[in-house]
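Raw contents of my_file.cif, mmCIF, C-alpha atoms:
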```
data_entry
loop_
_atom_site.group_PDB
_atom_site.id
_atom_site.type_symbol
_atom_site.label_atom_id
_atom_site.label_comp_id
_atom_site.auth_asym_id
_atom_site.auth_seq_id
_atom_site.Cartn_x
_atom_site.Cartn_y
_atom_site.Cartn_z
ATOM 1 C CA MET A 1133 0.000 0.000 0.000
ATOM 2 C CA THR A 1134 1.364 3.426 -0.958
ATOM 3 C CA ARG A 1135 2.180 5.644 1.995
ATOM 4 C CA GLN A 1136 0.144 8.847 2.180
ATOM 5 C CA ASP A 1137 2.077 12.097 2.256
ATOM 6 C CA HIS A 1138 1.678 13.712 5.671
ATOM 7 C CA ILE A 1139 0.944 17.459 5.584
ATOM 8 C CA LEU A 1140 1.180 19.566 8.753
ATOM 9 C CA ILE A 1141 -0.961 22.721 8.925
ATOM 10 C CA VAL A 1142 0.209 25.381 11.421
ATOM 11 C CA ASP A 1143 -2.385 28.161 11.722
ATOM 12 C CA ASP A 1144 -4.034 29.839 14.710
ATOM 13 C CA ASP A 1145 -7.357 30.140 12.836
ATOM 14 C CA ALA A 1146 -9.390 27.054 13.811
ATOM 15 C CA GLU A 1147 -11.685 27.343 10.803
ATOM 16 C CA ILE A 1148 -8.772 27.445 8.334
ATOM 17 C CA ARG A 1149 -7.166 24.471 10.064
ATOM 18 C CA ARG A 1150 -10.382 22.474 9.758
ATOM 19 C CA LEU A 1151 -11.098 23.441 6.147
ATOM 20 C CA VAL A 1152 -7.565 22.768 4.882
ATOM 21 C CA ARG A 1153 -7.248 19.496 6.809
ATOM 22 C CA ASP A 1154 -10.585 18.197 5.499
ATOM 23 C CA TYR A 1155 -9.781 19.275 1.926
ATOM 24 C CA LEU A 1156 -6.379 17.593 1.924
ATOM 25 C CA GLU A 1157 -7.738 14.391 3.453
ATOM 26 C CA ALA A 1158 -10.459 14.331 0.778
ATOM 27 C CA HIS A 1159 -7.666 14.436 -1.830
ATOM 28 C CA GLY A 1160 -5.661 11.533 -0.482
ATOM 29 C CA TYR A 1161 -3.305 13.171 1.992
ATOM 30 C CA ARG A 1162 -2.823 12.509 5.664
ATOM 31 C CA ALA A 1163 -3.208 15.880 7.427
ATOM 32 C CA SER A 1164 -2.504 17.159 10.928
ATOM 33 C CA ALA A 1165 -3.319 20.652 12.190
ATOM 34 C CA VAL A 1166 -1.902 22.648 15.117
ATOM 35 C CA ALA A 1167 -2.312 26.232 16.303
ATOM 36 C CA ASP A 1168 1.224 27.380 17.140
ATOM 37 C CA GLY A 1169 4.929 26.696 17.005
ATOM 38 C CA HIS A 1170 5.070 24.832 20.315
ATOM 39 C CA ALA A 1171 2.584 22.270 19.026
ATOM 40 C CA MET A 1172 4.429 22.103 15.702
ATOM 41 C CA TRP A 1173 7.728 21.131 17.360
ATOM 42 C CA ALA A 1174 5.970 18.570 19.549
ATOM 43 C CA LEU A 1175 4.377 16.894 16.529
ATOM 44 C CA LEU A 1176 7.643 16.886 14.549
ATOM 45 C CA GLU A 1177 9.339 15.000 17.382
ATOM 46 C CA SER A 1178 6.926 12.086 17.104
ATOM 47 C CA HIS A 1179 5.732 12.039 13.479
ATOM 48 C CA THR A 1180 7.193 12.040 9.977
ATOM 49 C CA VAL A 1181 5.986 15.104 8.060
ATOM 50 C CA ASP A 1182 6.414 15.569 4.292
ATOM 51 C CA LEU A 1183 5.403 19.237 4.021
ATOM 52 C CA ILE A 1184 4.410 22.087 6.372
ATOM 53 C CA ILE A 1185 1.787 24.728 5.600
ATOM 54 C CA LEU A 1186 2.891 27.551 7.893
ATOM 55 C CA ASP A 1187 0.957 30.724 8.692
ATOM 56 C CA LEU A 1188 3.058 33.878 8.940
ATOM 57 C CA MET A 1189 1.087 35.488 11.778
ATOM 58 C CA LEU A 1190 1.069 33.154 14.782
ATOM 59 C CA PRO A 1191 0.927 33.665 18.547
ATOM 60 C CA GLY A 1192 4.354 33.385 20.135
ATOM 61 C CA ASP A 1193 6.997 32.590 17.514
ATOM 62 C CA ASP A 1194 5.743 33.767 14.116
ATOM 63 C CA GLY A 1195 6.047 31.830 10.876
ATOM 64 C CA LEU A 1196 9.272 33.545 9.819
ATOM 65 C CA LEU A 1197 11.050 32.619 13.039
ATOM 66 C CA LEU A 1198 9.726 29.050 12.932
ATOM 67 C CA CYS A 1199 10.868 28.625 9.331
ATOM 68 C CA ARG A 1200 14.303 30.033 10.112
ATOM 69 C CA ASN A 1201 14.643 27.703 13.105
ATOM 70 C CA LEU A 1202 13.640 24.707 10.964
ATOM 71 C CA ARG A 1203 16.460 25.490 8.553
ATOM 72 C CA ALA A 1204 18.931 26.275 11.359
ATOM 73 C CA ARG A 1205 18.287 22.782 12.710
ATOM 74 C CA ARG A 1206 18.851 21.473 9.153
ATOM 75 C CA ILE A 1207 15.285 20.165 9.008
ATOM 76 C CA ASP A 1208 14.641 20.128 5.271
ATOM 77 C CA ILE A 1209 10.883 19.611 5.293
ATOM 78 C CA PRO A 1210 9.365 21.763 2.504
ATOM 79 C CA VAL A 1211 7.410 24.796 3.733
ATOM 80 C CA ILE A 1212 4.571 26.696 2.073
ATOM 81 C CA MET A 1213 3.991 29.964 3.908
ATOM 82 C CA LEU A 1214 0.539 31.541 4.262
ATOM 83 C CA THR A 1215 -0.011 35.194 5.046
ATOM 84 C CA ALA A 1216 -2.808 37.731 5.090
ATOM 85 C CA LEU A 1217 -0.231 40.333 4.083
ATOM 86 C CA GLY A 1218 0.106 40.866 0.372
ATOM 87 C CA ASP A 1219 3.304 42.938 0.430
ATOM 88 C CA ALA A 1220 6.006 41.532 -1.834
ATOM 89 C CA ALA A 1221 8.536 42.245 0.927
ATOM 90 C CA ASP A 1222 6.860 39.640 3.124
ATOM 91 C CA ARG A 1223 7.148 37.075 0.342
ATOM 92 C CA ILE A 1224 10.850 37.817 -0.139
ATOM 93 C CA VAL A 1225 11.600 37.627 3.591
ATOM 94 C CA GLY A 1226 9.706 34.331 3.830
ATOM 95 C CA LEU A 1227 11.706 32.838 0.964
ATOM 96 C CA GLU A 1228 14.958 34.083 2.466
ATOM 97 C CA MET A 1229 14.067 32.361 5.740
ATOM 98 C CA GLY A 1230 13.843 29.098 3.800
ATOM 99 C CA ALA A 1231 10.219 28.803 2.687
ATOM 100 C CA ASP A 1232 9.685 26.938 -0.585
ATOM 101 C CA ASP A 1233 6.557 28.772 -1.689
ATOM 102 C CA TYR A 1234 4.214 31.532 -0.569
ATOM 103 C CA LEU A 1235 0.435 31.884 -0.784
ATOM 104 C CA PRO A 1236 -1.499 35.000 0.317
ATOM 105 C CA LYS A 1237 -4.818 34.723 2.159
ATOM 106 C CA PRO A 1238 -7.565 34.358 1.185
ATOM 107 C CA PHE A 1239 -6.671 31.484 -1.143
ATOM 108 C CA GLU A 1240 -8.458 28.829 -3.154
ATOM 109 C CA PRO A 1241 -7.947 25.317 -1.732
ATOM 110 C CA ARG A 1242 -7.359 24.070 -5.286
ATOM 111 C CA GLU A 1243 -4.428 26.463 -5.671
ATOM 112 C CA LEU A 1244 -2.955 25.339 -2.361
ATOM 113 C CA LEU A 1245 -3.296 21.712 -3.470
ATOM 114 C CA ALA A 1246 -1.561 22.476 -6.761
ATOM 115 C CA ARG A 1247 1.303 24.207 -4.976
ATOM 116 C CA ILE A 1248 1.718 21.280 -2.570
ATOM 117 C CA LYS A 1249 2.053 18.897 -5.514
ATOM 118 C CA VAL A 1250 4.595 21.137 -7.259
ATOM 119 C CA VAL A 1251 6.739 21.629 -4.143
ATOM 120 C CA LEU A 1252 6.761 17.917 -3.293
ATOM 121 C CA ARG A 1253 7.585 16.958 -6.876
ATOM 122 C CA ARG A 1254 10.371 19.540 -7.108
ATOM 123 C CA THR A 1255 11.878 18.560 -3.757
ATOM 124 C CA ARG A 1256 11.887 14.868 -4.624
ATOM 125 C CA SER A 1257 13.593 15.523 -7.953
ATOM 126 C CA LEU A 1258 16.712 16.772 -6.182
ATOM 127 C CA PRO A 1259 19.838 14.631 -6.297
ATOM 128 C CA ASP A 1260 21.041 13.108 -3.048
ATOM 129 C CA PRO A 1261 23.585 15.252 -1.201
ATOM 130 C CA GLY A 1262 27.174 14.143 -0.979
ATOM 131 C CA PRO A 1263 28.826 12.542 2.041
ATOM 132 C CA SER A 1264 28.105 14.269 5.354
ATOM 133 C CA GLU A 1265 31.475 13.734 7.079
ATOM 134 C CA GLU A 1266 33.426 16.822 8.174
ATOM 135 C CA VAL A 1267 35.317 18.299 5.227
ATOM 136 C CA SER A 1268 37.600 21.323 5.260
ATOM 137 C CA ARG A 1269 38.348 21.710 1.548
ATOM 138 C CA LEU A 1270 36.925 20.579 -1.777
ATOM 139 C CA ARG A 1271 39.474 20.222 -4.610
ATOM 140 C CA PHE A 1272 38.517 20.362 -8.304
ATOM 141 C CA ALA A 1273 40.324 21.021 -11.593
ATOM 142 C CA GLY A 1274 43.403 22.341 -9.745
ATOM 143 C CA TRP A 1275 41.294 24.705 -7.622
ATOM 144 C CA SER A 1276 40.163 24.295 -4.025
ATOM 145 C CA LEU A 1277 37.336 25.755 -1.945
ATOM 146 C CA ASP A 1278 38.170 26.354 1.718
ATOM 147 C CA LEU A 1279 34.916 25.650 3.570
ATOM 148 C CA HIS A 1280 36.078 27.241 6.810
ATOM 149 C CA ALA A 1281 37.674 30.427 5.460
ATOM 150 C CA ARG A 1282 34.982 30.559 2.720
ATOM 151 C CA HIS A 1283 37.368 31.485 -0.078
ATOM 152 C CA LEU A 1284 38.656 30.015 -3.322
ATOM 153 C CA ILE A 1285 42.288 29.073 -3.917
ATOM 154 C CA SER A 1286 43.616 29.077 -7.495
ATOM 155 C CA PRO A 1287 45.972 26.431 -8.952
ATOM 156 C CA ALA A 1288 48.782 28.989 -8.408
ATOM 157 C CA GLY A 1289 47.901 29.295 -4.713
ATOM 158 C CA VAL A 1290 46.254 32.707 -4.972
ATOM 159 C CA VAL A 1291 43.418 33.289 -2.475
ATOM 160 C CA ILE A 1292 40.286 34.619 -4.160
ATOM 161 C CA PRO A 1293 37.566 36.061 -1.883
ATOM 162 C CA LEU A 1294 33.959 35.082 -2.640
ATOM 163 C CA SER A 1295 30.696 36.794 -1.821
ATOM 164 C CA GLY A 1296 28.255 34.852 0.332
ATOM 165 C CA GLY A 1297 26.113 33.948 -2.665
ATOM 166 C CA GLU A 1298 29.107 32.864 -4.751
ATOM 167 C CA PHE A 1299 30.437 30.637 -1.954
ATOM 168 C CA VAL A 1300 27.069 28.925 -1.378
ATOM 169 C CA LEU A 1301 26.453 28.308 -5.077
ATOM 170 C CA LEU A 1302 29.958 26.933 -5.696
ATOM 171 C CA GLN A 1303 29.603 24.626 -2.692
ATOM 172 C CA VAL A 1304 26.322 23.309 -4.102
ATOM 173 C CA PHE A 1305 27.994 22.554 -7.445
ATOM 174 C CA LEU A 1306 30.926 20.835 -5.736
ATOM 175 C CA GLU A 1307 28.611 18.655 -3.636
ATOM 176 C CA HIS A 1308 26.898 17.463 -6.856
ATOM 177 C CA PRO A 1309 29.651 17.183 -9.489
ATOM 178 C CA ASN A 1310 28.901 15.955 -12.997
ATOM 179 C CA ARG A 1311 25.151 16.212 -12.427
ATOM 180 C CA VAL A 1312 22.924 18.578 -14.378
ATOM 181 C CA LEU A 1313 21.185 20.923 -11.927
ATOM 182 C CA SER A 1314 18.225 23.026 -13.008
ATOM 183 C CA ARG A 1315 17.750 26.562 -11.704
ATOM 184 C CA ASP A 1316 14.946 25.311 -9.439
ATOM 185 C CA GLN A 1317 17.238 22.633 -8.032
ATOM 186 C CA LEU A 1318 20.015 25.141 -7.421
ATOM 187 C CA LEU A 1319 17.543 27.341 -5.549
ATOM 188 C CA GLU A 1320 16.268 24.392 -3.531
ATOM 189 C CA LEU A 1321 19.733 23.112 -2.650
ATOM 190 C CA SER A 1322 20.739 26.603 -1.514
ATOM 191 C CA ARG A 1323 17.670 26.912 0.708
ATOM 192 C CA GLY A 1324 18.347 27.580 4.370
ATOM 193 C CA ARG A 1325 21.984 28.437 3.831
ATOM 194 C CA GLU A 1326 23.397 31.789 4.892
ATOM 195 C CA ALA A 1327 23.210 33.635 1.590
ATOM 196 C CA GLY A 1328 21.595 31.546 -1.101
ATOM 197 C CA PRO A 1329 20.868 33.035 -4.532
ATOM 198 C CA PHE A 1330 17.270 33.688 -5.534
ATOM 199 C CA ASP A 1331 15.303 33.764 -8.783
ATOM 200 C CA ARG A 1332 17.197 34.966 -11.861
ATOM 201 C CA ALA A 1333 20.211 35.814 -9.646
ATOM 202 C CA VAL A 1334 21.302 32.186 -10.189
ATOM 203 C CA ASP A 1335 22.429 33.062 -13.733
ATOM 204 C CA VAL A 1336 24.212 36.177 -12.461
ATOM 205 C CA GLN A 1337 26.004 34.194 -9.746
ATOM 206 C CA VAL A 1338 27.060 31.523 -12.254
ATOM 207 C CA GLY A 1339 28.547 34.263 -14.439
ATOM 208 C CA ARG A 1340 30.454 35.685 -11.475
ATOM 209 C CA LEU A 1341 31.752 32.243 -10.484
ATOM 210 C CA ARG A 1342 33.008 31.647 -14.004
ATOM 211 C CA ARG A 1343 34.919 34.936 -13.874
ATOM 212 C CA ARG A 1344 36.424 33.956 -10.505
ATOM 213 C CA LEU A 1345 37.556 30.692 -12.092
ATOM 214 C CA GLY A 1346 39.021 32.513 -15.098
ATOM 215 C CA GLU A 1347 36.542 30.821 -17.431
ATOM 216 C CA ASP A 1348 35.809 31.892 -20.980
ATOM 217 C CA ALA A 1349 32.062 32.696 -20.835
ATOM 218 C CA ARG A 1350 31.652 31.426 -24.420
ATOM 219 C CA GLU A 1351 33.369 28.078 -23.784
ATOM 220 C CA PRO A 1352 33.493 27.383 -20.032
ATOM 221 C CA ARG A 1353 35.341 24.206 -19.024
ATOM 222 C CA ILE A 1354 34.307 23.822 -15.380
ATOM 223 C CA ILE A 1355 30.743 25.137 -14.979
ATOM 224 C CA LYS A 1356 29.007 24.311 -18.231
ATOM 225 C CA THR A 1357 25.587 25.302 -19.471
ATOM 226 C CA VAL A 1358 23.275 22.485 -20.518
ATOM 227 C CA ARG A 1359 20.785 24.003 -22.927
ATOM 228 C CA SER A 1360 17.173 23.978 -21.656
ATOM 229 C CA ALA A 1361 18.262 22.022 -18.571
ATOM 230 C CA GLY A 1362 20.560 24.055 -16.315
ATOM 231 C CA TYR A 1363 24.217 23.835 -15.348
ATOM 232 C CA VAL A 1364 26.762 21.119 -14.572
ATOM 233 C CA LEU A 1365 30.105 21.198 -12.776
ATOM 234 C CA ALA A 1366 32.250 19.150 -15.179
ATOM 235 C CA ALA A 1367 35.108 18.134 -12.900
ATOM 236 C CA THR A 1368 36.163 15.478 -10.422
ATOM 237 C CA VAL A 1369 35.845 16.686 -6.822
ATOM 238 C CA GLU A 1370 38.001 15.436 -3.954
ATOM 239 C CA ALA A 1371 37.144 16.111 -0.307
ATOM 240 C CA GLU A 1372 39.913 16.915 2.174
ATOM 241 C CA SER A 1373 39.385 16.657 5.940
#
```
Let me see the structure of the file written as structure tokens.
Amino acid sequence: MTRQDHILIVDDDAEIRRLVRDYLEAHGYRASAVADGHAMWALLESHTVDLIILDLMLPGDDGLLLCRNLRARRIDIPVIMLTALGDAADRIVGLEMGADDYLPKPFEPRELLARIKVVLRRTRSLPDPGPSEEVSRLRFAGWSLDLHARHLISPAGVVIPLSGGEFVLLQVFLEHPNRVLSRDQLLELSRGREAGPFDRAVDVQVGRLRRRLGEDAREPRIIKTVRSAGYVLAATVEAES
């Protein structure tokens, strides 16, 4: 028997909790609903959850703080954030805290359902991360990335400083060498890190990384473009403790 995806709804509005839970259960999901962050943490300790629907405005810790704390604990459960505020700034802050999607209230249950399916499908399409043991440097094509000092070292031994976004994106590539990564996957894999790139900034950051690596933008050798698919780091990567 196929396991049902378990969706956790965190909202202090009892009517919304009931309506969303009933709608999701009617469409084949297992759904739990709680009113605040304290109850959310308690449920996560005892149950497997596949996705969290998280209200921005909550009593006690709000949705932004809860989402940030999820990512700080390296809990990679996808999050769709709900808010009654329609300001684009709230959406951006929510995404920067590690949310995967954003839906303003009031919303159509069908749209929420569609977004749940998209987020789950996108998350499950990600490649597995590399080994989790402690690593201090990643070596590739004569270069090395110092994970503690957060800078790049050229084949000639020259230290090249990186911005936060450049460091995070290069680390993502090095953890998934020789695999084509779409822009959505690069965004997802950068989620919850200190300074992940967002939206079309992925292309800008790739361009900056290529310049750091001394690449010819027309014929890059290390970070290659795969037409209509994304990018690939075309090099062997060695981890150094």
Using all atoms listed in the file, the residue out of A:Leu1198, A:Val1334, A:Met1189, A:Leu1151 with shortest distance to Met1172 in chain A is A:Leu1198
What is the distance, in Å and to one decimal place, between CA of Thr1215 in chain A and CA of Val1251 in chain A?
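Calculated distance between CA of Thr1215 in chain A and CA of Val1251 in chain A is 17.7 Å.
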For this structure, which residues satisfy the selection - the PyMOL selection byres ((chain A and resi 1368) around 9) - when it is evaluated on the file as given? I want them as a list in words.
Arg1271, Phe1272, Ala1273, Leu1306, Pro1309, Asn1310, Leu1365, Ala1366, Ala1367, Val1369 and Glu1370 of chain A
Could you write out that same residue set with C-alpha atoms as a tab-separated table (two decimals), in the frame of the given file?
```
chain	number	residue	atom	x	y	z
A	1271	ARG	CA	39.47	20.22	-4.61
A	1272	PHE	CA	38.52	20.36	-8.30
A	1273	ALA	CA	40.32	21.02	-11.59
A	1306	LEU	CA	30.93	20.84	-5.74
A	1309	PRO	CA	29.65	17.18	-9.49
A	1310	ASN	CA	28.90	15.96	-13.00
A	1365	LEU	CA	30.10	21.20	-12.78
A	1366	ALA	CA	32.25	19.15	-15.18
A	1367	ALA	CA	35.11	18.13	-12.90
A	1369	VAL	CA	35.84	16.69	-6.82
A	1370	GLU	CA	38.00	15.44	-3.95
```
Output check: residues returned by the PyMOL selection byres ((chain A and resi 1209) around 10), as a list in words
Thr1180, Val1181, Asp1182, Leu1183, Ile1184, Cys1199, Leu1202, Arg1203, Arg1206, Ile1207, Asp1208, Pro1210, Val1211, Ala1231, Asp1232, Leu1252 and Thr1255 of chain A
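For the pair CA of Leu1302 in chain A and CA of Ile1285 in chain A, the interatomic distance is 12.6 Å.
Taking CA of His1138 in chain A and CA of Ser1178 in chain A as endpoints, the distance between them is 12.7 Å.
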Enumerate, as a list in words, the residues matched when the PyMOL selection byres ((chain A and resi 1337) around 10) is run on the file above.
Ser1295, Gly1297, Glu1298, Phe1299, Val1300, Leu1301, Leu1302, Pro1329, Phe1330, Arg1332, Ala1333, Val1334, Asp1335, Val1336, Val1338, Gly1339, Arg1340, Leu1341, Arg1342 and Arg1343 of chain A
If I only want range 1266-1296 of chain A, can you write it with N, CA and C atoms, as a PDB file, in the first residue's frame?
```
ATOM      1  N   GLU A1266      32.820  15.501   8.087  1.00  0.00           N
ATOM      2  CA  GLU A1266      33.426  16.822   8.174  1.00  0.00           C
ATOM      3  C   GLU A1266      34.491  16.983   7.098  1.00  0.00           C
ATOM      4  N   VAL A1267      34.381  18.026   6.316  1.00  0.00           N
ATOM      5  CA  VAL A1267      35.317  18.299   5.227  1.00  0.00           C
ATOM      6  C   VAL A1267      35.781  19.732   5.361  1.00  0.00           C
ATOM      7  N   SER A1268      37.072  19.961   5.148  1.00  0.00           N
ATOM      8  CA  SER A1268      37.600  21.323   5.260  1.00  0.00           C
ATOM      9  C   SER A1268      37.810  21.981   3.901  1.00  0.00           C
ATOM     10  N   ARG A1269      38.146  21.162   2.893  1.00  0.00           N
ATOM     11  CA  ARG A1269      38.348  21.710   1.548  1.00  0.00           C
ATOM     12  C   ARG A1269      37.782  20.764   0.501  1.00  0.00           C
ATOM     13  N   LEU A1270      37.361  21.350  -0.615  1.00  0.00           N
ATOM     14  CA  LEU A1270      36.925  20.579  -1.777  1.00  0.00           C
ATOM     15  C   LEU A1270      37.842  20.965  -2.939  1.00  0.00           C
ATOM     16  N   ARG A1271      38.524  19.970  -3.523  1.00  0.00           N
ATOM     17  CA  ARG A1271      39.474  20.222  -4.610  1.00  0.00           C
ATOM     18  C   ARG A1271      38.855  19.815  -5.948  1.00  0.00           C
ATOM     19  N   PHE A1272      39.083  20.638  -6.976  1.00  0.00           N
ATOM     20  CA  PHE A1272      38.517  20.362  -8.304  1.00  0.00           C
ATOM     21  C   PHE A1272      39.317  21.106  -9.360  1.00  0.00           C
ATOM     22  N   ALA A1273      39.675  20.418 -10.426  1.00  0.00           N
ATOM     23  CA  ALA A1273      40.324  21.021 -11.593  1.00  0.00           C
ATOM     24  C   ALA A1273      41.494  21.930 -11.220  1.00  0.00           C
ATOM     25  N   GLY A1274      42.261  21.545 -10.189  1.00  0.00           N
ATOM     26  CA  GLY A1274      43.403  22.341  -9.745  1.00  0.00           C
ATOM     27  C   GLY A1274      43.052  23.422  -8.735  1.00  0.00           C
ATOM     28  N   TRP A1275      41.776  23.700  -8.575  1.00  0.00           N
ATOM     29  CA  TRP A1275      41.294  24.705  -7.622  1.00  0.00           C
ATOM     30  C   TRP A1275      40.903  24.029  -6.310  1.00  0.00           C
ATOM     31  N   SER A1276      40.719  24.829  -5.258  1.00  0.00           N
ATOM     32  CA  SER A1276      40.163  24.295  -4.025  1.00  0.00           C
ATOM     33  C   SER A1276      39.298  25.350  -3.346  1.00  0.00           C
ATOM     34  N   LEU A1277      38.235  24.882  -2.696  1.00  0.00           N
ATOM     35  CA  LEU A1277      37.336  25.755  -1.945  1.00  0.00           C
ATOM     36  C   LEU A1277      37.542  25.468  -0.465  1.00  0.00           C
ATOM     37  N   ASP A1278      37.978  26.484   0.274  1.00  0.00           N
ATOM     38  CA  ASP A1278      38.170  26.354   1.718  1.00  0.00           C
ATOM     39  C   ASP A1278      36.824  26.598   2.396  1.00  0.00           C
ATOM     40  N   LEU A1279      36.258  25.553   2.997  1.00  0.00           N
ATOM     41  CA  LEU A1279      34.916  25.650   3.570  1.00  0.00           C
ATOM     42  C   LEU A1279      34.892  26.398   4.890  1.00  0.00           C
ATOM     43  N   HIS A1280      36.030  26.511   5.546  1.00  0.00           N
ATOM     44  CA  HIS A1280      36.078  27.241   6.810  1.00  0.00           C
ATOM     45  C   HIS A1280      36.338  28.737   6.577  1.00  0.00           C
ATOM     46  N   ALA A1281      37.358  29.026   5.762  1.00  0.00           N
ATOM     47  CA  ALA A1281      37.674  30.427   5.460  1.00  0.00           C
ATOM     48  C   ALA A1281      36.723  31.019   4.427  1.00  0.00           C
ATOM     49  N   ARG A1282      35.981  30.143   3.708  1.00  0.00           N
ATOM     50  CA  ARG A1282      34.982  30.559   2.720  1.00  0.00           C
ATOM     51  C   ARG A1282      35.603  31.350   1.563  1.00  0.00           C
ATOM     52  N   HIS A1283      36.773  30.866   1.098  1.00  0.00           N
ATOM     53  CA  HIS A1283      37.368  31.485  -0.078  1.00  0.00           C
ATOM     54  C   HIS A1283      37.876  30.418  -1.036  1.00  0.00           C
ATOM     55  N   LEU A1284      38.202  30.870  -2.229  1.00  0.00           N
ATOM     56  CA  LEU A1284      38.656  30.015  -3.322  1.00  0.00           C
ATOM     57  C   LEU A1284      40.166  30.145  -3.440  1.00  0.00           C
ATOM     58  N   ILE A1285      40.840  29.045  -3.741  1.00  0.00           N
ATOM     59  CA  ILE A1285      42.288  29.073  -3.917  1.00  0.00           C
ATOM     60  C   ILE A1285      42.604  28.583  -5.325  1.00  0.00           C
ATOM     61  N   SER A1286      43.325  29.398  -6.091  1.00  0.00           N
ATOM     62  CA  SER A1286      43.616  29.077  -7.495  1.00  0.00           C
ATOM     63  C   SER A1286      44.699  28.010  -7.588  1.00  0.00           C
ATOM     64  N   PRO A1287      44.892  27.413  -8.770  1.00  0.00           N
ATOM     65  CA  PRO A1287      45.972  26.431  -8.952  1.00  0.00           C
ATOM     66  C   PRO A1287      47.347  27.006  -8.623  1.00  0.00           C
ATOM     67  N   ALA A1288      47.499  28.344  -8.723  1.00  0.00           N
ATOM     68  CA  ALA A1288      48.782  28.989  -8.408  1.00  0.00           C
ATOM     69  C   ALA A1288      48.897  29.334  -6.932  1.00  0.00           C
ATOM     70  N   GLY A1289      47.858  29.019  -6.144  1.00  0.00           N
ATOM     71  CA  GLY A1289      47.901  29.295  -4.713  1.00  0.00           C
ATOM     72  C   GLY A1289      47.394  30.668  -4.325  1.00  0.00           C
ATOM     73  N   VAL A1290      46.784  31.382  -5.257  1.00  0.00           N
ATOM     74  CA  VAL A1290      46.254  32.707  -4.972  1.00  0.00           C
ATOM     75  C   VAL A1290      44.889  32.584  -4.303  1.00  0.00           C
ATOM     76  N   VAL A1291      44.699  33.299  -3.194  1.00  0.00           N
ATOM     77  CA  VAL A1291      43.418  33.289  -2.475  1.00  0.00           C
ATOM     78  C   VAL A1291      42.465  34.272  -3.136  1.00  0.00           C
ATOM     79  N   ILE A1292      41.284  33.792  -3.485  1.00  0.00           N
ATOM     80  CA  ILE A1292      40.286  34.619  -4.160  1.00  0.00           C
ATOM     81  C   ILE A1292      39.048  34.716  -3.270  1.00  0.00           C
ATOM     82  N   PRO A1293      38.750  35.906  -2.736  1.00  0.00           N
ATOM     83  CA  PRO A1293      37.566  36.061  -1.883  1.00  0.00           C
ATOM     84  C   PRO A1293      36.284  35.836  -2.684  1.00  0.00           C
ATOM     85  N   LEU A1294      35.264  35.295  -2.014  1.00  0.00           N
ATOM     86  CA  LEU A1294      33.959  35.082  -2.640  1.00  0.00           C
ATOM     87  C   LEU A1294      32.889  35.793  -1.837  1.00  0.00           C
ATOM     88  N   SER A1295      31.863  36.270  -2.535  1.00  0.00           N
ATOM     89  CA  SER A1295      30.696  36.794  -1.821  1.00  0.00           C
ATOM     90  C   SER A1295      29.949  35.616  -1.191  1.00  0.00           C
ATOM     91  N   GLY A1296      29.027  35.919  -0.288  1.00  0.00           N
ATOM     92  CA  GLY A1296      28.255  34.852   0.332  1.00  0.00           C
ATOM     93  C   GLY A1296      27.502  34.015  -0.675  1.00  0.00           C
TER      94      GLY A1296
END
```
